[in-house]
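Have a look at start.txt below; it lists compact mmCIF, C-alpha atoms.
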```txt
# COMPACT_ATOMS: atom_id res chain seq x y z
CA MET A 1 -59.31 -23.28 -65.22
CA SER A 2 -58.10 -25.56 -62.39
CA ASN A 3 -60.20 -26.88 -59.53
CA LEU A 4 -58.22 -24.59 -57.24
CA GLU A 5 -59.34 -21.52 -59.13
CA ASN A 6 -62.89 -22.77 -59.57
CA GLU A 7 -63.77 -24.18 -56.16
CA ILE A 8 -61.82 -22.09 -53.71
CA LEU A 9 -60.92 -18.68 -54.94
CA ILE A 10 -63.63 -17.42 -57.30
CA PRO A 11 -66.71 -16.09 -55.51
CA PRO A 12 -69.76 -18.20 -56.46
CA GLU A 13 -71.79 -15.13 -57.43
CA THR A 14 -70.30 -12.32 -59.49
CA LYS A 15 -72.02 -9.40 -61.13
CA LYS A 16 -71.17 -8.41 -64.69
CA VAL A 17 -70.63 -4.70 -65.07
CA LYS A 18 -70.55 -3.00 -68.44
CA LEU A 19 -67.56 -0.71 -68.61
CA SER A 20 -66.90 2.22 -70.88
CA ASN A 21 -63.94 2.16 -73.25
CA SER A 22 -61.89 4.34 -70.91
CA GLU A 23 -62.62 2.06 -67.97
CA LEU A 24 -61.46 -0.95 -70.00
CA ILE A 25 -57.94 0.44 -70.05
CA ASP A 26 -56.07 -1.78 -67.66
CA MET A 27 -53.02 0.12 -66.53
CA LEU A 28 -51.76 -2.81 -64.48
CA SER A 29 -51.73 -5.09 -67.49
CA ASP A 30 -49.45 -2.64 -69.28
CA LEU A 31 -46.75 -3.22 -66.71
CA PRO A 32 -43.91 -5.71 -67.33
CA ASP A 33 -44.35 -9.20 -65.91
CA CYS A 34 -41.56 -8.68 -63.39
CA VAL A 35 -43.35 -5.68 -61.91
CA ILE A 36 -46.70 -7.46 -61.72
CA LEU A 37 -45.10 -10.49 -60.06
CA HIS A 38 -43.41 -8.21 -57.54
CA ILE A 39 -46.78 -6.63 -56.69
CA LEU A 40 -48.47 -10.03 -56.36
CA SER A 41 -45.76 -11.21 -53.98
CA PHE A 42 -47.16 -8.85 -51.33
CA LEU A 43 -50.63 -10.43 -51.51
CA ASN A 44 -51.85 -13.47 -49.62
CA THR A 45 -51.56 -16.37 -52.05
CA LYS A 46 -55.34 -16.78 -51.95
CA ASP A 47 -55.79 -13.26 -53.36
CA ALA A 48 -52.94 -13.73 -55.82
CA VAL A 49 -54.68 -16.77 -57.30
CA ARG A 50 -57.92 -14.84 -57.62
CA THR A 51 -56.28 -12.49 -60.13
CA CYS A 52 -56.46 -15.31 -62.70
CA VAL A 53 -59.97 -14.11 -63.69
CA LEU A 54 -58.81 -10.62 -64.75
CA SER A 55 -57.74 -11.55 -68.28
CA VAL A 56 -56.00 -14.20 -70.34
CA ARG A 57 -52.65 -12.66 -69.49
CA TRP A 58 -53.33 -13.01 -65.77
CA LYS A 59 -54.58 -16.61 -65.96
CA ASP A 60 -51.31 -18.28 -64.95
CA MET A 61 -49.51 -15.26 -63.54
CA TRP A 62 -49.98 -16.38 -59.90
CA LYS A 63 -48.08 -19.62 -60.61
CA ARG A 64 -44.91 -17.58 -61.14
CA VAL A 65 -45.10 -15.44 -58.00
CA PRO A 66 -41.79 -15.74 -56.07
CA ALA A 67 -43.44 -15.51 -52.64
CA LEU A 68 -46.13 -17.66 -51.02
CA ILE A 69 -48.23 -16.43 -48.09
CA LEU A 70 -50.35 -19.30 -46.75
CA ASP A 71 -52.51 -18.36 -43.77
CA LYS A 72 -55.26 -20.53 -42.26
CA SER A 73 -57.17 -17.45 -41.08
CA ASP A 74 -58.03 -16.73 -44.74
CA PHE A 75 -60.10 -19.93 -44.93
CA GLY A 76 -63.27 -21.16 -43.30
CA THR A 77 -62.28 -24.76 -42.59
CA ILE A 78 -59.18 -26.89 -42.16
CA LYS A 79 -60.24 -29.04 -45.09
CA ILE A 80 -60.39 -26.11 -47.51
CA PHE A 81 -57.05 -24.75 -46.29
CA ALA A 82 -55.35 -28.15 -46.62
CA LYS A 83 -56.68 -28.57 -50.16
CA PHE A 84 -55.57 -25.07 -51.08
CA VAL A 85 -52.02 -25.63 -49.79
CA SER A 86 -51.78 -28.95 -51.61
CA GLU A 87 -52.92 -27.56 -54.97
CA VAL A 88 -50.79 -24.41 -54.77
CA LEU A 89 -47.65 -26.47 -54.25
CA SER A 90 -48.63 -28.79 -57.09
CA LEU A 91 -49.57 -26.12 -59.64
CA ARG A 92 -46.89 -23.52 -58.96
CA ASP A 93 -44.23 -23.15 -61.66
CA SER A 94 -41.16 -24.66 -59.99
CA SER A 95 -38.85 -23.21 -62.63
CA ILE A 96 -39.39 -19.81 -61.00
CA ALA A 97 -37.06 -19.17 -58.08
CA LEU A 98 -38.86 -19.24 -54.73
CA GLN A 99 -37.75 -16.35 -52.56
CA SER A 100 -40.02 -16.78 -49.54
CA ILE A 101 -42.78 -18.80 -47.89
CA ASP A 102 -44.84 -17.54 -44.98
CA PHE A 103 -46.91 -20.43 -43.58
CA ASP A 104 -49.24 -19.82 -40.61
CA ASP A 105 -51.19 -22.83 -39.36
CA ASN A 106 -53.25 -22.36 -36.21
CA CYS A 107 -55.52 -25.32 -36.83
CA CYS A 108 -53.33 -28.39 -36.23
CA LEU A 109 -52.94 -29.60 -39.80
CA GLU A 110 -51.67 -33.14 -40.20
CA PRO A 111 -47.88 -33.36 -39.93
CA ARG A 112 -47.63 -34.47 -43.56
CA PHE A 113 -48.83 -31.04 -44.74
CA ILE A 114 -46.27 -29.21 -42.65
CA LYS A 115 -43.54 -31.57 -43.88
CA ARG A 116 -44.64 -30.99 -47.45
CA VAL A 117 -44.44 -27.21 -47.08
CA VAL A 118 -40.99 -27.39 -45.48
CA ASN A 119 -39.66 -29.88 -48.03
CA TYR A 120 -41.04 -27.77 -50.87
CA ALA A 121 -39.29 -24.71 -49.46
CA ILE A 122 -35.96 -26.49 -49.08
CA SER A 123 -36.08 -28.22 -52.48
CA ASN A 124 -36.75 -24.85 -54.11
CA ASN A 125 -33.83 -23.16 -52.33
CA VAL A 126 -36.01 -20.76 -50.36
CA GLN A 127 -34.25 -17.77 -48.85
CA ARG A 128 -36.90 -16.51 -46.41
CA LEU A 129 -39.16 -18.79 -44.39
CA GLY A 130 -41.83 -17.99 -41.84
CA LEU A 131 -43.34 -21.03 -40.14
CA SER A 132 -45.89 -20.90 -37.33
CA ALA A 133 -47.52 -24.23 -36.57
CA ARG A 134 -49.03 -26.39 -33.85
CA CYS A 135 -46.70 -29.34 -34.06
CA ASN A 136 -43.78 -30.99 -32.31
CA ILE A 137 -40.32 -30.17 -33.57
CA GLU A 138 -39.75 -33.86 -34.35
CA GLN A 139 -42.32 -33.46 -37.13
CA ILE A 140 -40.10 -30.97 -38.97
CA PRO A 141 -37.93 -32.69 -41.63
CA PRO A 142 -34.30 -33.07 -40.39
CA ASN A 143 -32.86 -31.49 -43.55
CA PHE A 144 -34.54 -28.24 -42.58
CA PHE A 145 -32.00 -27.68 -39.77
CA SER A 146 -29.07 -27.63 -42.19
CA CYS A 147 -30.58 -25.65 -45.06
CA HIS A 148 -27.82 -23.67 -46.81
CA THR A 149 -30.00 -21.14 -48.62
CA LEU A 150 -32.00 -19.71 -45.70
CA THR A 151 -31.07 -16.13 -44.87
CA TYR A 152 -34.22 -15.28 -42.86
CA LEU A 153 -36.15 -17.59 -40.53
CA LYS A 154 -39.18 -16.86 -38.38
CA LEU A 155 -40.09 -20.01 -36.47
CA SER A 156 -42.82 -20.49 -33.87
CA LEU A 157 -43.79 -24.02 -32.86
CA TYR A 158 -46.47 -24.97 -30.34
CA PRO A 159 -46.32 -28.64 -29.23
CA LYS A 160 -49.53 -30.65 -29.42
CA SER A 161 -48.69 -32.71 -26.36
CA GLY A 162 -46.38 -32.85 -23.36
CA ASP A 163 -46.19 -31.29 -19.94
CA ASP A 164 -44.23 -28.28 -21.18
CA ASN A 165 -45.84 -25.95 -23.69
CA LYS A 166 -42.43 -24.78 -24.94
CA THR A 167 -40.47 -26.28 -27.83
CA LEU A 168 -36.94 -27.37 -26.96
CA PHE A 169 -34.35 -25.58 -29.07
CA PRO A 170 -32.47 -28.27 -31.06
CA LYS A 171 -28.70 -28.52 -30.89
CA SER A 172 -28.63 -29.56 -34.56
CA PHE A 173 -29.35 -26.07 -35.94
CA ASN A 174 -26.75 -25.35 -38.65
CA LEU A 175 -27.90 -22.64 -41.04
CA PRO A 176 -24.67 -21.16 -42.44
CA SER A 177 -26.31 -18.39 -44.51
CA LEU A 178 -28.74 -17.18 -41.84
CA THR A 179 -28.64 -13.45 -41.10
CA SER A 180 -32.03 -12.91 -39.42
CA LEU A 181 -33.65 -15.21 -36.86
CA CYS A 182 -36.96 -14.83 -35.00
CA LEU A 183 -37.91 -17.59 -32.55
CA GLY A 184 -41.21 -17.93 -30.71
CA ASN A 185 -42.16 -20.26 -27.84
CA PHE A 186 -38.77 -21.96 -27.46
CA ALA A 187 -37.00 -23.23 -24.35
CA PHE A 188 -33.20 -23.27 -24.19
CA CYS A 189 -31.68 -26.16 -22.25
CA ALA A 190 -28.25 -26.30 -20.69
CA GLY A 191 -25.58 -28.55 -22.15
CA ASP A 192 -23.30 -30.92 -20.29
CA ASP A 193 -21.28 -27.99 -18.94
CA GLY A 194 -24.40 -26.32 -17.57
CA ARG A 195 -24.07 -23.40 -19.99
CA ILE A 196 -26.57 -22.26 -22.61
CA GLU A 197 -25.04 -20.52 -25.61
CA PRO A 198 -27.33 -21.40 -28.56
CA PHE A 199 -26.40 -18.76 -31.14
CA SER A 200 -22.60 -18.76 -31.26
CA ALA A 201 -22.58 -21.11 -34.28
CA PHE A 202 -24.52 -18.65 -36.48
CA ASN A 203 -21.57 -16.90 -38.07
CA ARG A 204 -23.56 -14.37 -40.13
CA LEU A 205 -26.39 -13.56 -37.73
CA ASN A 206 -27.32 -9.89 -37.92
CA SER A 207 -30.76 -9.73 -36.26
CA LEU A 208 -32.19 -11.86 -33.44
CA VAL A 209 -35.71 -11.76 -32.00
CA LEU A 210 -36.74 -14.01 -29.09
CA GLN A 211 -40.43 -14.15 -28.17
CA GLY A 212 -41.96 -16.01 -25.23
CA PHE A 213 -38.80 -17.96 -24.41
CA ALA A 214 -37.68 -19.92 -21.35
CA VAL A 215 -34.50 -21.35 -19.82
CA ARG A 216 -34.22 -24.90 -18.51
CA GLY A 217 -31.50 -26.53 -16.42
CA ALA A 218 -29.44 -23.38 -15.84
CA LEU A 219 -29.72 -19.80 -14.65
CA THR A 220 -27.92 -18.04 -17.48
CA LEU A 221 -28.73 -17.76 -21.17
CA CYS A 222 -25.73 -16.39 -23.04
CA ILE A 223 -26.44 -14.57 -26.29
CA SER A 224 -23.04 -14.65 -27.92
CA SER A 225 -22.38 -13.44 -31.46
CA ALA A 226 -19.60 -11.47 -33.10
CA THR A 227 -21.89 -10.29 -35.93
CA LEU A 228 -25.20 -9.52 -34.18
CA VAL A 229 -26.37 -5.92 -34.69
CA ASN A 230 -30.05 -5.92 -33.64
CA LEU A 231 -31.43 -7.77 -30.60
CA THR A 232 -35.08 -7.88 -29.50
CA LEU A 233 -36.42 -9.72 -26.45
CA ASN A 234 -40.18 -10.11 -26.05
CA ASN A 235 -41.02 -12.00 -22.89
CA HIS A 236 -43.83 -11.85 -20.32
CA SER A 237 -42.57 -14.68 -18.13
CA PHE A 238 -42.37 -14.47 -14.34
CA ASP A 239 -39.45 -16.93 -14.36
CA PHE A 240 -36.18 -15.55 -13.09
CA PHE A 241 -33.04 -16.23 -15.07
CA GLU A 242 -30.06 -14.24 -16.26
CA ILE A 243 -29.37 -13.14 -19.82
CA GLU A 244 -25.73 -12.41 -20.61
CA ILE A 245 -25.20 -10.37 -23.77
CA CYS A 246 -21.81 -10.92 -25.40
CA THR A 247 -22.24 -9.05 -28.68
CA PRO A 248 -19.48 -6.56 -29.56
CA SER A 249 -21.24 -5.44 -32.78
CA VAL A 250 -24.71 -4.89 -31.35
CA CYS A 251 -26.18 -1.48 -32.15
CA SER A 252 -29.84 -1.67 -31.09
CA PHE A 253 -31.58 -3.43 -28.22
CA ALA A 254 -35.34 -3.67 -27.62
CA PHE A 255 -37.32 -5.24 -24.79
CA ILE A 256 -41.07 -5.82 -24.52
CA GLY A 257 -42.72 -7.49 -21.52
CA ARG A 258 -42.17 -8.03 -17.80
CA PRO A 259 -38.59 -7.24 -16.71
CA TYR A 260 -38.06 -10.17 -14.34
CA GLN A 261 -34.81 -11.37 -15.88
CA LYS A 262 -31.42 -9.93 -15.06
CA ILE A 263 -29.75 -8.64 -18.23
CA PHE A 264 -26.05 -7.91 -18.16
CA GLY A 265 -22.85 -8.28 -20.14
CA ARG A 266 -20.32 -6.23 -22.05
CA GLY A 267 -22.62 -6.19 -25.09
CA LEU A 268 -24.86 -3.60 -23.46
CA SER A 269 -22.02 -1.10 -23.34
CA TYR A 270 -21.91 -1.11 -27.18
CA VAL A 271 -25.62 -0.45 -27.71
CA LYS A 272 -26.43 2.88 -29.39
CA HIS A 273 -30.23 2.65 -29.56
CA VAL A 274 -32.49 1.20 -26.84
CA ASP A 275 -36.27 0.72 -26.84
CA ILE A 276 -37.99 -0.58 -23.69
CA HIS A 277 -41.69 -1.30 -23.21
CA ALA A 278 -41.94 -2.78 -19.71
CA GLU A 279 -45.04 -3.51 -17.67
CA VAL A 280 -46.30 -5.56 -14.74
CA SER A 281 -49.77 -6.69 -13.68
CA SER A 282 -51.75 -6.83 -10.47
CA LEU A 283 -50.89 -10.54 -10.27
CA ASP A 284 -47.18 -9.87 -9.84
CA ILE A 285 -46.27 -10.75 -6.26
CA GLU A 286 -43.14 -8.63 -6.10
CA PRO A 287 -42.49 -5.65 -8.37
CA PRO A 288 -39.47 -6.13 -10.63
CA LEU A 289 -36.60 -3.89 -9.56
CA LEU A 290 -34.06 -5.10 -12.12
CA LEU A 291 -34.88 -2.54 -14.77
CA LEU A 292 -32.58 0.06 -13.25
CA SER A 293 -29.63 -2.35 -13.39
CA TRP A 294 -30.13 -2.67 -17.17
CA LEU A 295 -29.83 1.08 -17.59
CA LEU A 296 -26.64 1.23 -15.54
CA ASP A 297 -24.77 -0.68 -18.25
CA LEU A 298 -25.80 1.61 -21.13
CA ASP A 299 -22.61 3.65 -21.30
CA ASN A 300 -22.69 4.57 -25.00
CA THR A 301 -26.41 4.76 -25.72
CA LYS A 302 -27.31 7.76 -27.87
CA SER A 303 -31.09 7.30 -28.08
CA LEU A 304 -33.42 5.80 -25.48
CA THR A 305 -37.11 5.18 -26.15
CA VAL A 306 -39.35 4.16 -23.26
CA THR A 307 -43.06 3.93 -22.66
CA ALA A 308 -44.74 5.68 -19.75
CA SER A 309 -45.38 2.22 -18.25
CA THR A 310 -41.62 1.61 -18.27
CA LEU A 311 -41.09 4.75 -16.23
CA GLN A 312 -43.84 3.64 -13.83
CA VAL A 313 -42.09 0.28 -13.40
CA LEU A 314 -38.83 2.08 -12.63
CA PHE A 315 -40.65 4.27 -10.13
CA LEU A 316 -41.87 1.23 -8.20
CA ASN A 317 -38.42 1.45 -6.64
CA SER A 318 -39.22 4.00 -3.94
CA ASN A 319 -35.55 5.03 -3.62
CA LEU A 320 -35.03 5.53 -7.36
CA LEU A 321 -34.41 9.28 -7.31
CA LYS A 322 -31.92 8.89 -4.47
CA THR A 323 -29.89 6.25 -6.33
CA GLU A 324 -26.47 7.15 -7.68
CA PHE A 325 -26.75 7.03 -11.45
CA PHE A 326 -23.64 7.33 -13.62
CA SER A 327 -24.98 5.97 -16.91
CA LEU A 328 -26.45 7.45 -20.14
CA GLY A 329 -23.69 10.05 -20.29
CA ASN A 330 -23.73 9.99 -24.12
CA LEU A 331 -27.48 10.27 -24.48
CA LYS A 332 -28.63 12.60 -27.28
CA LEU A 333 -32.36 11.79 -27.37
CA LEU A 334 -34.90 10.51 -24.85
CA LYS A 335 -38.32 9.57 -26.24
CA VAL A 336 -41.24 8.85 -23.93
CA LYS A 337 -44.31 7.25 -25.48
CA ILE A 338 -47.50 7.75 -23.49
CA LYS A 339 -49.92 4.85 -23.90
CA PRO A 340 -52.88 3.75 -21.75
CA LEU A 341 -51.73 1.46 -18.96
CA MET A 342 -52.98 -2.10 -18.72
CA TYR A 343 -55.87 -2.35 -16.28
CA GLY A 344 -54.01 -4.68 -13.91
CA PHE A 345 -50.90 -2.48 -13.87
CA ARG A 346 -53.00 0.65 -13.27
CA GLN A 347 -54.68 -1.02 -10.29
CA ARG A 348 -51.28 -2.04 -8.96
CA LEU A 349 -50.06 1.56 -9.09
CA ILE A 350 -53.19 2.79 -7.36
CA GLU A 351 -52.72 0.25 -4.57
CA ALA A 352 -49.07 1.30 -4.15
CA LYS A 353 -50.07 4.95 -3.94
CA LEU A 354 -52.80 4.27 -1.38
CA GLN A 355 -50.37 2.36 0.83
CA LYS A 356 -48.04 5.37 1.00
CA ILE A 357 -50.73 7.91 1.94
CA ARG A 358 -51.12 8.95 5.57
CA PRO A 359 -53.41 9.69 7.36
CA ARG A 360 -56.26 7.38 6.39
CA LYS A 361 -58.67 10.20 5.62
CA GLU A 362 -56.37 11.32 2.78
CA ALA A 363 -56.49 7.81 1.36
CA ALA A 364 -60.28 7.92 1.56
CA LYS A 365 -60.29 11.17 -0.41
CA LEU A 366 -58.12 9.57 -3.07
CA ARG A 367 -60.46 6.59 -3.37
CA LYS A 368 -63.38 8.95 -3.76
CA SER A 369 -61.64 10.91 -6.53
CA ILE A 370 -60.75 7.66 -8.34
CA LYS A 371 -64.40 6.61 -8.29
CA ALA A 372 -65.25 10.00 -9.75
CA GLY A 373 -62.98 9.21 -12.70
CA LEU A 374 -59.95 11.32 -11.79
CA GLU A 375 -56.48 9.96 -12.49
CA PRO A 376 -54.56 9.38 -9.22
CA PHE A 377 -51.11 9.84 -10.75
CA ALA A 378 -49.36 11.51 -13.65
CA PRO A 379 -48.48 9.36 -16.71
CA ILE A 380 -44.82 10.32 -16.23
CA PRO A 381 -43.64 10.24 -12.60
CA ASP A 382 -42.27 13.53 -11.31
CA GLY A 383 -38.51 13.84 -11.50
CA ILE A 384 -37.83 10.68 -13.50
CA VAL A 385 -36.99 12.40 -16.79
CA ASN A 386 -34.42 14.59 -15.04
CA PHE A 387 -33.08 11.48 -13.31
CA LEU A 388 -32.45 9.71 -16.63
CA THR A 389 -30.87 12.75 -18.27
CA GLN A 390 -28.81 14.00 -15.31
CA ASN A 391 -25.55 12.91 -16.97
CA SER A 392 -26.55 14.27 -20.38
CA PRO A 393 -28.27 17.62 -19.67
CA SER A 394 -28.16 18.64 -23.35
CA ALA A 395 -30.14 15.58 -24.46
CA GLU A 396 -33.36 16.30 -26.34
CA VAL A 397 -36.53 15.03 -24.63
CA GLU A 398 -39.49 14.15 -26.83
CA ILE A 399 -42.90 13.24 -25.35
CA ILE A 400 -45.12 11.34 -27.78
CA ASP A 401 -48.81 10.82 -27.03
CA CYS A 402 -49.76 7.43 -28.48
CA SER A 403 -53.09 7.15 -26.64
CA TRP A 404 -55.12 7.54 -29.82
CA ARG A 405 -53.17 4.96 -31.83
```

Any chance you could put this one into structure tokens?
Amino acid sequence: MSNLENEILIPPETKKVKLSNSELIDMLSDLPDCVILHILSFLNTKDAVRTCVLSVRWKDMWKRVPALILDKSDFGTIKIFAKFVSEVLSLRDSSIALQSIDFDDNCCLEPRFIKRVVNYAISNNVQRLGLSARCNIEQIPPNFFSCHTLTYLKLSLYPKSGDDNKTLFPKSFNLPSLTSLCLGNFAFCAGDDGRIEPFSAFNRLNSLVLQGFAVRGALTLCISSATLVNLTLNNHSFDFFEIEICTPSVCSFAFIGRPYQKIFGRGLSYVKHVDIHAEVSSLDIEPPLLLLSWLLDLDNTKSLTVTASTLQVLFLNSNLLKTEFFSLGNLKLLKVKIKPLMYGFRQRLIEAKLQKIRPRKEAAKLRKSIKAGLEPFAPIPDGIVNFLTQNSPSAEVEIIDCSWR
């Protein structure tokens, strides 16, 4: 048994239990190797290695697993995690095709470990790679940015130093086989022409997720792709910039966060399914009023899913119900998910309601009822559902209570 199996993964104290003959029947061991390896590929690599103690057949089974899941949170110290990563890469059977690596380092491992993981993935023709690390992008091997086998990439990098906590998106990205891309904590910088269009070179891109992103040196980020089908934006930034969507094949669009960016473009008119979870906090100086402009471009949307907080954000526009609204004429289904509001957002709504109440004694009554634990407003503002479905009166409306989830 290797040091890896002895020192790291086998609990120091185990109890021997005498089993009956029927209990000794190991149904899992009767399965073909390919099925067992498929099951093990869903386990964290630490747990997969632990299966080596089950029987002689299982002793080296983990070395042939086609997927590695390496997560620092499964280990007590950086030293143990680093040793584990090193031995797994050394002992794994390299003759077995490597389908995926999911590496999550939140402890600032030395750059050489991150380089080793990336180089191992590339040299073994990995198809799916998830990499979350506290490092500068310069510490990623250059050959990573031109890997020809990657079809799925989830990349989140958090610089160790510098004035900006965002990672600059490199211009050298050239992943010809990539179909799914998820980026976290990146900043997109304008080129010499002042335009930012970072994804047009990905000729097979089908799914794009941007989380916690920023724009530098320009006002407009252009998401341009002839093949993109699914687009998700997750951003809680207060920064204002424009996002132009030029995606004629896009089918679904999702947004999570604070809607402070203007989103426009002909791509929105192709979207069939929209999911919006918008919110603000008490710290927001001005309420975002751009959300309505997003909806105005959704000409062909068939299903719209929103949270109650999204409807409350829309309703911050006091003239909303008086606005001319010609969109969502093809809507078939409107889903409203009711979830508890964030504390800051709830306080913001209460303040807005108090400011509208006259005379003062009525406001005093409201304050008293709030202290008594009564809700000062309905989860779904009056009239807003009818407003959204006015051009599609036959659309089904589904209210989903997610408060308990």

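Of the listed residues (A:Leu129, A:Leu320, A:Ile80, A:Cys222), A:Cys222 comes nearest to Thr247 (chain A); the distances count all atoms listed in the file.
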
Skipping near chain neighbours, those fewer than 3 positions away, what residues fall within 10 Å of region 63-73 of chain A using all atoms listed in the file, listed as a PyMOL selection string?
chain A and resi 33-34+36-49+52+58-60+76-78+80-82+84-85+88-107+109+117+121+126+128-132

Next, the residues of the selection above should be written as a PDB file, keeping the file's coordinate frame with C-alpha atoms.
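Once everything was written out, this is again.pdb:
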```pdb
ATOM      1  CA  ASP A  33     -44.350  -9.200 -65.910  1.00  0.00           C
ATOM      2  CA  CYS A  34     -41.560  -8.680 -63.390  1.00  0.00           C
ATOM      3  CA  ILE A  36     -46.700  -7.460 -61.720  1.00  0.00           C
ATOM      4  CA  LEU A  37     -45.100 -10.490 -60.060  1.00  0.00           C
ATOM      5  CA  HIS A  38     -43.410  -8.210 -57.540  1.00  0.00           C
ATOM      6  CA  ILE A  39     -46.780  -6.630 -56.690  1.00  0.00           C
ATOM      7  CA  LEU A  40     -48.470 -10.030 -56.360  1.00  0.00           C
ATOM      8  CA  SER A  41     -45.760 -11.210 -53.980  1.00  0.00           C
ATOM      9  CA  PHE A  42     -47.160  -8.850 -51.330  1.00  0.00           C
ATOM     10  CA  LEU A  43     -50.630 -10.430 -51.510  1.00  0.00           C
ATOM     11  CA  ASN A  44     -51.850 -13.470 -49.620  1.00  0.00           C
ATOM     12  CA  THR A  45     -51.560 -16.370 -52.050  1.00  0.00           C
ATOM     13  CA  LYS A  46     -55.340 -16.780 -51.950  1.00  0.00           C
ATOM     14  CA  ASP A  47     -55.790 -13.260 -53.360  1.00  0.00           C
ATOM     15  CA  ALA A  48     -52.940 -13.730 -55.820  1.00  0.00           C
ATOM     16  CA  VAL A  49     -54.680 -16.770 -57.300  1.00  0.00           C
ATOM     17  CA  CYS A  52     -56.460 -15.310 -62.700  1.00  0.00           C
ATOM     18  CA  TRP A  58     -53.330 -13.010 -65.770  1.00  0.00           C
ATOM     19  CA  LYS A  59     -54.580 -16.610 -65.960  1.00  0.00           C
ATOM     20  CA  ASP A  60     -51.310 -18.280 -64.950  1.00  0.00           C
ATOM     21  CA  GLY A  76     -63.270 -21.160 -43.300  1.00  0.00           C
ATOM     22  CA  THR A  77     -62.280 -24.760 -42.590  1.00  0.00           C
ATOM     23  CA  ILE A  78     -59.180 -26.890 -42.160  1.00  0.00           C
ATOM     24  CA  ILE A  80     -60.390 -26.110 -47.510  1.00  0.00           C
ATOM     25  CA  PHE A  81     -57.050 -24.750 -46.290  1.00  0.00           C
ATOM     26  CA  ALA A  82     -55.350 -28.150 -46.620  1.00  0.00           C
ATOM     27  CA  PHE A  84     -55.570 -25.070 -51.080  1.00  0.00           C
ATOM     28  CA  VAL A  85     -52.020 -25.630 -49.790  1.00  0.00           C
ATOM     29  CA  VAL A  88     -50.790 -24.410 -54.770  1.00  0.00           C
ATOM     30  CA  LEU A  89     -47.650 -26.470 -54.250  1.00  0.00           C
ATOM     31  CA  SER A  90     -48.630 -28.790 -57.090  1.00  0.00           C
ATOM     32  CA  LEU A  91     -49.570 -26.120 -59.640  1.00  0.00           C
ATOM     33  CA  ARG A  92     -46.890 -23.520 -58.960  1.00  0.00           C
ATOM     34  CA  ASP A  93     -44.230 -23.150 -61.660  1.00  0.00           C
ATOM     35  CA  SER A  94     -41.160 -24.660 -59.990  1.00  0.00           C
ATOM     36  CA  SER A  95     -38.850 -23.210 -62.630  1.00  0.00           C
ATOM     37  CA  ILE A  96     -39.390 -19.810 -61.000  1.00  0.00           C
ATOM     38  CA  ALA A  97     -37.060 -19.170 -58.080  1.00  0.00           C
ATOM     39  CA  LEU A  98     -38.860 -19.240 -54.730  1.00  0.00           C
ATOM     40  CA  GLN A  99     -37.750 -16.350 -52.560  1.00  0.00           C
ATOM     41  CA  SER A 100     -40.020 -16.780 -49.540  1.00  0.00           C
ATOM     42  CA  ILE A 101     -42.780 -18.800 -47.890  1.00  0.00           C
ATOM     43  CA  ASP A 102     -44.840 -17.540 -44.980  1.00  0.00           C
ATOM     44  CA  PHE A 103     -46.910 -20.430 -43.580  1.00  0.00           C
ATOM     45  CA  ASP A 104     -49.240 -19.820 -40.610  1.00  0.00           C
ATOM     46  CA  ASP A 105     -51.190 -22.830 -39.360  1.00  0.00           C
ATOM     47  CA  ASN A 106     -53.250 -22.360 -36.210  1.00  0.00           C
ATOM     48  CA  CYS A 107     -55.520 -25.320 -36.830  1.00  0.00           C
ATOM     49  CA  LEU A 109     -52.940 -29.600 -39.800  1.00  0.00           C
ATOM     50  CA  VAL A 117     -44.440 -27.210 -47.080  1.00  0.00           C
ATOM     51  CA  ALA A 121     -39.290 -24.710 -49.460  1.00  0.00           C
ATOM     52  CA  VAL A 126     -36.010 -20.760 -50.360  1.00  0.00           C
ATOM     53  CA  ARG A 128     -36.900 -16.510 -46.410  1.00  0.00           C
ATOM     54  CA  LEU A 129     -39.160 -18.790 -44.390  1.00  0.00           C
ATOM     55  CA  GLY A 130     -41.830 -17.990 -41.840  1.00  0.00           C
ATOM     56  CA  LEU A 131     -43.340 -21.030 -40.140  1.00  0.00           C
ATOM     57  CA  SER A 132     -45.890 -20.900 -37.330  1.00  0.00           C
TER      58      SER A 132
END
```

Could you give me, as an NGL selection string, the residues within 8 Å of Phe264 (chain A), counting all atoms listed in the file and dropping anything in the same chain fewer than 5 positions from it?
:A and (242-245 or 294 or 297)

Restricting it to C-alpha atoms, dump the selection as an mmCIF file, in the coordinates of the input.
```cif
data_model
loop_
_atom_site.group_PDB
_atom_site.id
_atom_site.type_symbol
_atom_site.label_atom_id
_atom_site.label_comp_id
_atom_site.auth_asym_id
_atom_site.auth_seq_id
_atom_site.Cartn_x
_atom_site.Cartn_y
_atom_site.Cartn_z
ATOM 1 C CA GLU A 242 -30.060 -14.240 -16.260
ATOM 2 C CA ILE A 243 -29.370 -13.140 -19.820
ATOM 3 C CA GLU A 244 -25.730 -12.410 -20.610
ATOM 4 C CA ILE A 245 -25.200 -10.370 -23.770
ATOM 5 C CA TRP A 294 -30.130 -2.670 -17.170
ATOM 6 C CA ASP A 297 -24.770 -0.680 -18.250
#
```

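You will find CA of Ser237 (chain A) at 8.6 Å from CA of Pro259 (chain A).
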
If you take every atom of region 49-66 of chain A that the file lists and fit an axis-aligned box around them with 3 Å extra on each side, what centre and edge lengths come out in Å to one decimal, as JSON?
```
{"center_x": -50.9, "center_y": -15.1, "center_z": -63.2, "size_x": 24.2, "size_y": 15.0, "size_z": 20.3}
```

CA of Ala378 (chain A) to CA of Val313 (chain A): how many Å, to one decimal?
13.4 Å

Do you know which residues are at most 9 Å from region 163-176 of chain A counting all atoms listed in the file, after dropping those on the same chain fewer than 2 positions away, and could you put them as a ChimeraX atom specification?
/A:136-137,142,144-151,156-161,178-179,184-189,198,201-204,212-214
